[in-house]
Amino acid sequence: MYKAIFIDIDDTLLDYIPCCREAFDAAIGELKIKNEELKITQSEDDLFRLFFEISGRLFSEAKRGLHTVAEVMELYPAEFIEKSGLANERAEEMTDVFKHAFRAAWGNTHTLVPGAQEALEALQRKGYRLFAASNSFGHLQRSRLQHAGILHYFEDTYISMDIGYDKPDVRFYEEALRRCGLAANEVIMVGDSMTTDIIGAQQAGLDAIYFNRRNEPLASHLSSLAVIGSLAELEACVEVEEQRRNCRGHQ
Ligand SMILES: [Mg+2]
């Protein structure tokens, strides 16, 4: 048996888009309070699309090593305020208001991915040690897991800003392994990002399960990759991967 399972948070256990929208709406509300002259000509849906496009682009650049996740957290509020034209004269101040309001609200967002609680319950019952592994602020991610009622399943949370490295950097995984006192072959990583969760973990010597939530087509060279389409499949998939690992070990 694997001794532990590392599990990504966003879009693996917590549903990223609704959480993002909730924090975004709170941040726009705060902008309106702090700036009574704020003229919003676009619909909030259009503004959210712009915001999501900007943050999505910056986070995917971070996955390619162009920024750290900490830098992205500073960059996207500024670019959003600038491109939305919401605060021409007071852009710097409004960026700050938006950023802090978004973060404060983000710490309360906790929409679960279907089956998350059941999957964690089943894995814990089978005796696996569970650890969250995520790129973000530690205190915010722990607060979100707490609000979602799933923090207690985790023995510890490995969050990039606490660990000092972002996934997919192998040093993230090495530090996480050091903290739980396990070897790479005793742990399997589960996540929805091919780059940060799967390739990152594999480069650090861990097995990995790809959560293909949106049913993305997979390249043919990935045919041997462990893939699940829903969290209801996770427990059985971990078992299959254990058998495959044991077969490899006896070859
Ligand atoms: Mg994720």
# chains A, B, ... in the order shown; residues from 1 in each chain; ligands from 1
>>> closest_atom_pairs(of="stretch 119-196 of chain A", to="stretch 220-230 of chain A", cutoff="12 Å", atoms="only C-alpha atoms", output="JSON lines")
{"residue": "A:Ala119", "atom": "CA", "partner": "A:Ser230", "partner_atom": "CA", "distance": 9.9}
{"residue": "A:Ile188", "atom": "CA", "partner": "A:Ala226", "partner_atom": "CA", "distance": 10.8}
{"residue": "A:Met189", "atom": "CA", "partner": "A:Ala226", "partner_atom": "CA", "distance": 10.7}
{"residue": "A:Val190", "atom": "CA", "partner": "A:Val227", "partner_atom": "CA", "distance": 9.5}
{"residue": "A:Gly191", "atom": "CA", "partner": "A:Ile228", "partner_atom": "CA", "distance": 9.9}
{"residue": "A:Asp192", "atom": "CA", "partner": "A:Ile228", "partner_atom": "CA", "distance": 9.6}
{"residue": "A:Ser193", "atom": "CA", "partner": "A:Val227", "partner_atom": "CA", "distance": 11.6}
{"residue": "A:Met194", "atom": "CA", "partner": "A:Leu222", "partner_atom": "CA", "distance": 10.5}
>>> select_by_dssp(residues="stretch 11-205 of chain A", states="strand (DSSP E or B)", output="PyMOL selection string")
chain A and resi 14+112+129-134+156-159+187-191
>>> closest_atom_pairs(of="chain A", to="ligand 1", cutoff="8 Å", atoms="only C-alpha atoms and all ligand atoms", output="tab-separated table")
residue	atom	partner	partner_atom_place_in_ligand_line	distance
A:Asp8	CA	ligand 1	1 (Mg)	5.5
A:Ile9	CA	ligand 1	1 (Mg)	5.7
A:Asp10	CA	ligand 1	1 (Mg)	4.1
A:Asp11	CA	ligand 1	1 (Mg)	4.6
A:Thr12	CA	ligand 1	1 (Mg)	5.6
A:Ser134	CA	ligand 1	1 (Mg)	7.3
A:Gly191	CA	ligand 1	1 (Mg)	5.8
A:Asp192	CA	ligand 1	1 (Mg)	5.0
A:Ser193	CA	ligand 1	1 (Mg)	5.5
A:Asp197	CA	ligand 1	1 (Mg)	7.6
>>> write_last_selection(atoms="N, CA and C atoms", output="mmCIF file, in the first residue's frame")
data_model
loop_
_atom_site.group_PDB
_atom_site.id
_atom_site.type_symbol
_atom_site.label_atom_id
_atom_site.label_comp_id
_atom_site.auth_asym_id
_atom_site.auth_seq_id
_atom_site.Cartn_x
_atom_site.Cartn_y
_atom_site.Cartn_z
ATOM 1 N N ASP A 8 -4.078 17.729 -4.501
ATOM 2 C CA ASP A 8 -4.214 19.132 -4.899
ATOM 3 C C ASP A 8 -5.549 19.676 -4.373
ATOM 4 N N ILE A 9 -5.674 20.982 -4.259
ATOM 5 C CA ILE A 9 -6.936 21.554 -3.741
ATOM 6 C C ILE A 9 -7.821 22.097 -4.874
ATOM 7 N N ASP A 10 -7.333 23.122 -5.608
ATOM 8 C CA ASP A 10 -8.239 23.794 -6.548
ATOM 9 C C ASP A 10 -8.514 22.962 -7.800
ATOM 10 N N ASP A 11 -9.783 22.789 -8.052
ATOM 11 C CA ASP A 11 -10.285 21.978 -9.145
ATOM 12 C C ASP A 11 -9.991 20.491 -8.957
ATOM 13 N N THR A 12 -9.593 20.127 -7.735
ATOM 14 C CA THR A 12 -9.525 18.710 -7.378
ATOM 15 C C THR A 12 -10.515 18.478 -6.231
ATOM 16 N N SER A 134 -0.781 22.234 -2.566
ATOM 17 C CA SER A 134 -1.412 23.280 -3.380
ATOM 18 C C SER A 134 -0.488 24.484 -3.544
ATOM 19 N N GLY A 191 -4.166 15.122 -8.791
ATOM 20 C CA GLY A 191 -4.493 16.505 -9.118
ATOM 21 C C GLY A 191 -4.992 16.669 -10.531
ATOM 22 N N ASP A 192 -5.523 17.865 -10.804
ATOM 23 C CA ASP A 192 -6.149 18.132 -12.107
ATOM 24 C C ASP A 192 -5.199 18.817 -13.085
ATOM 25 N N SER A 193 -3.992 19.177 -12.637
ATOM 26 C CA SER A 193 -3.093 19.886 -13.558
ATOM 27 C C SER A 193 -1.998 18.950 -14.063
ATOM 28 N N ASP A 197 0.746 19.033 -11.131
ATOM 29 C CA ASP A 197 0.470 17.866 -10.287
ATOM 30 C C ASP A 197 1.085 16.583 -10.837
#
>>> select_by_dssp(residues="stretch 181-247 of chain A", states="alpha helix (DSSP H)", output="PyMOL selection string")
chain A and resi 200-203+234-247
>>> residues_around(residues="A:Asn185", least_positions_apart="6", cutoff="10 Å", atoms="only C-alpha atoms", output="mmCIF file with C-alpha atoms, in the first residue's frame")
data_model
loop_
_atom_site.group_PDB
_atom_site.id
_atom_site.type_symbol
_atom_site.label_atom_id
_atom_site.label_comp_id
_atom_site.auth_asym_id
_atom_site.auth_seq_id
_atom_site.Cartn_x
_atom_site.Cartn_y
_atom_site.Cartn_z
ATOM 1 C CA TYR A 2 1.055 3.588 -0.504
ATOM 2 C CA LYS A 3 1.568 5.197 2.884
ATOM 3 C CA ALA A 4 0.251 8.603 1.891
ATOM 4 C CA ALA A 204 10.184 14.026 -8.090
ATOM 5 C CA GLY A 205 9.726 10.230 -8.295
ATOM 6 C CA LEU A 206 6.105 9.997 -7.109
ATOM 7 C CA ASP A 207 3.350 8.094 -8.854
ATOM 8 C CA ARG A 245 3.668 -0.408 -8.546
#
>>> closest_residue(among="A:Ala208, A:Gly65, A:Ala184, A:Pro77", to="A:Val238", atoms="only C-alpha atoms")
A:Ala208
